[in-house]
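Each remark here refers to the structure printed beneath this line.
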Amino acid sequence: MARIGFIGLGNMGGGMAANLAKAGHDVHAFDLSADALDKAKTAGCLPVDSAAAAAQGADAVVTMLPAGRHVAQVYEEAVFPAAAPGTLLLDCSTIDVTTAKKVAEAAVAKGLAAVDAPVSGGIAAAAGGTLTFMVGGSAEAFARAEPILARMGKAVIHAGPSGAGQAAKICNNMLLGATMVATCEAFLLAQKLGLDPQTFYDISSVSSGQSWSMTSYCPLPGVGPETPADRDYQGGFAAGLMLKDLKLAVQAAADADASVPMGAEAMALYQAFANGGDGGLDFSGIIRMLGGMR
Ligand code: NAD
């Protein structure tokens, strides 16, 4: 088993570090929050007092941080100076493609190996070890990362070279944001036209309008499988995090000169929803705003 430095023990990282420790890895964990460090200790990790201490002597360093600027700073100030040559860096945070490529290049220039490995799946999947990892990096780096990531997830997919994991993540979530908005609109219109929502679900879920947003994550309570809609939109995937991912997608599109009008519209709608104070609700809760209920 490997010695793994783990930096960022929040909602997602806490569960992921715990799963690595459960699998028998020697996990040296760091977070700015003392509470997060206590929880990691209870979960079998060794709390350390800095990001550099987590990286020192590690075979691999996992980061699960809020955004690109945090990853760049932790890499530059702590991980690069402390990690031994050949150490594998796995950044599982959702960050912008440009920073992901830049930090990976800098890592390789310093004799380290690096992958971007963002996840699909929320806090429950992080705790349960059922995340999906989409990985960007060389074939050699992926081969080293795969067995570590497999301890935290149910699927580990090599997306391509450095940055490809983040590209896959933001394209997937742009699609999810846009289909969720469209699914909400369709349910609201169906109701205005006098259709029973369950009847519309029964028809559309086996017709060409079907999507994951409808059949696995239906935004209306009491229709389809149990979802955050049945819990007053509590828990699930926060609208604020969807907004973050849509912003990353729209920025990446601008950088790549790609046209994403639906993604941009979804971003504007989630921005309005968050501005109304609902960024903490599950992202399917946007049906309330679209239906004039907020
Ligand atoms: P979080 O805010 O709960 O956790 C981030 C942690 O990083 C915090 O505990 C914070 O103290 C720590 N941190 C910040 N700066 C640090 C530093 N310099 N050194 C050490 N620790 C530092 O966020 P989260 O929900 O765990 O999300 C983490 C990443 O995963 C984000 O990029 C997010 O977009 C992505 N993500 C989240 C979800 C989700 O459902 N929460 C799902 C998929 C992907």
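Identifiers in this document derive from the order of the structure tokens: chains are assigned A, B, ..., residues are numbered from 1 separately in each chain, and ligands are numbered from 1 in order of occurrence.
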Q) Could you pull the residues within 7 Å of Asp59 of chain A, counting only C-alpha atoms, minus those fewer than 3 positions along the same chain, as number ranges by chain? A) A: 2-4, 87-88
Pull the closest atom pair for each residue of chain A that gets at most 6 Å from ligand 1, along with the distance in Å to one decimal, counting only C-alpha atoms and all ligand atoms, ordering rows by chain and then ascending residue number, as CSV.
```
residue,atom,partner,partner_atom_place_in_ligand_line,distance
A:Ile7,CA,ligand 1,20 (C),5.3
A:Gly8,CA,ligand 1,7 (O),3.9
A:Leu9,CA,ligand 1,9 (O),4.8
A:Gly10,CA,ligand 1,4 (O),3.3
A:Asn11,CA,ligand 1,26 (O),3.8
A:Met12,CA,ligand 1,26 (O),3.6
A:Gly13,CA,ligand 1,26 (O),5.3
A:Phe30,CA,ligand 1,20 (C),5.9
A:Asp31,CA,ligand 1,21 (N),3.7
A:Leu32,CA,ligand 1,21 (N),4.6
A:Ser33,CA,ligand 1,11 (O),4.9
A:Met64,CA,ligand 1,28 (C),5.1
A:Leu65,CA,ligand 1,7 (O),4.4
A:Pro66,CA,ligand 1,32 (O),4.1
A:Ala67,CA,ligand 1,32 (O),5.2
A:His70,CA,ligand 1,15 (N),5.7
A:Val74,CA,ligand 1,18 (N),5.7
A:Ser93,CA,ligand 1,32 (O),3.8
A:Thr94,CA,ligand 1,32 (O),3.9
A:Val119,CA,ligand 1,43 (C),5.4
A:Ser120,CA,ligand 1,43 (C),5.4
A:Gly121,CA,ligand 1,42 (C),5.6
A:Gly122,CA,ligand 1,40 (O),3.6
A:Ile123,CA,ligand 1,40 (O),5.1
A:Phe237,CA,ligand 1,40 (O),5.1
A:Leu241,CA,ligand 1,34 (O),6.0
```
For the residues in that selection, give me C-alpha atoms as a PDB file, in the first residue's frame.
```pdb
ATOM      1  CA  ILE A   7      -5.017  17.963   0.769  1.00  0.00           C
ATOM      2  CA  GLY A   8      -8.587  19.289   1.051  1.00  0.00           C
ATOM      3  CA  LEU A   9     -10.817  17.305   3.387  1.00  0.00           C
ATOM      4  CA  GLY A  10     -14.150  19.055   2.781  1.00  0.00           C
ATOM      5  CA  ASN A  11     -17.519  17.592   1.804  1.00  0.00           C
ATOM      6  CA  MET A  12     -15.947  15.488  -0.926  1.00  0.00           C
ATOM      7  CA  GLY A  13     -12.320  15.070   0.164  1.00  0.00           C
ATOM      8  CA  PHE A  30      -4.193  18.232   5.581  1.00  0.00           C
ATOM      9  CA  ASP A  31      -6.924  20.869   5.530  1.00  0.00           C
ATOM     10  CA  LEU A  32      -7.096  24.453   6.778  1.00  0.00           C
ATOM     11  CA  SER A  33     -10.077  23.417   8.917  1.00  0.00           C
ATOM     12  CA  MET A  64      -9.658  18.084  -3.530  1.00  0.00           C
ATOM     13  CA  LEU A  65      -9.868  21.874  -3.349  1.00  0.00           C
ATOM     14  CA  PRO A  66     -12.505  24.475  -4.250  1.00  0.00           C
ATOM     15  CA  ALA A  67     -11.078  26.037  -7.449  1.00  0.00           C
ATOM     16  CA  HIS A  70      -6.348  27.014  -4.662  1.00  0.00           C
ATOM     17  CA  VAL A  74      -1.007  24.685  -3.008  1.00  0.00           C
ATOM     18  CA  SER A  93     -10.990  19.185  -7.808  1.00  0.00           C
ATOM     19  CA  THR A  94     -13.183  20.671 -10.550  1.00  0.00           C
ATOM     20  CA  VAL A 119     -15.289  13.405 -10.342  1.00  0.00           C
ATOM     21  CA  SER A 120     -18.916  12.873 -11.140  1.00  0.00           C
ATOM     22  CA  GLY A 121     -21.069  12.006  -8.127  1.00  0.00           C
ATOM     23  CA  GLY A 122     -21.777  13.997  -5.012  1.00  0.00           C
ATOM     24  CA  ILE A 123     -21.026  13.791  -1.312  1.00  0.00           C
ATOM     25  CA  PHE A 237     -25.971  18.761  -6.031  1.00  0.00           C
ATOM     26  CA  LEU A 241     -21.838  24.208  -7.708  1.00  0.00           C
TER      27      LEU A 241
END
```
Q.
Taking only C-alpha atoms into account, name the residue in A:Phe273, A:Cys45, A:Pro219, A:Thr132 that is nearest to Gly292 of chain A.
A. A:Phe273
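If you measure from each of A:Leu281, A:Ala100, A:Val115, A:Ala23 to Met152 of chain A using only C-alpha atoms, the closest one turns out to be A:Ala23.
Atom CA of Ala52 of chain A to atom CA of Gln73 of chain A spans 11.7 Å [interatomic distance, one decimal].
The nearest approach to Thr183 of chain A among the residues A:Ala264, A:Ile287, A:Ala117, A:Ala258, with only C-alpha atoms taken into account, belongs to A:Ile287.
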Q: Once DSSP has gone over the backbone, tell me which residues of segment 54-234 of chain A are in alpha helix (DSSP H), as number ranges by chain.
A: A: 54-55, 68-74, 80-82, 97-109, 123-128, 139-149, 164-192, 197-204, 212-215
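Nearest to Ser162 of chain A of all the residues A:Ile203, A:Ala124, A:Ser213, A:Ala107 is A:Ala107, based on only C-alpha atoms.
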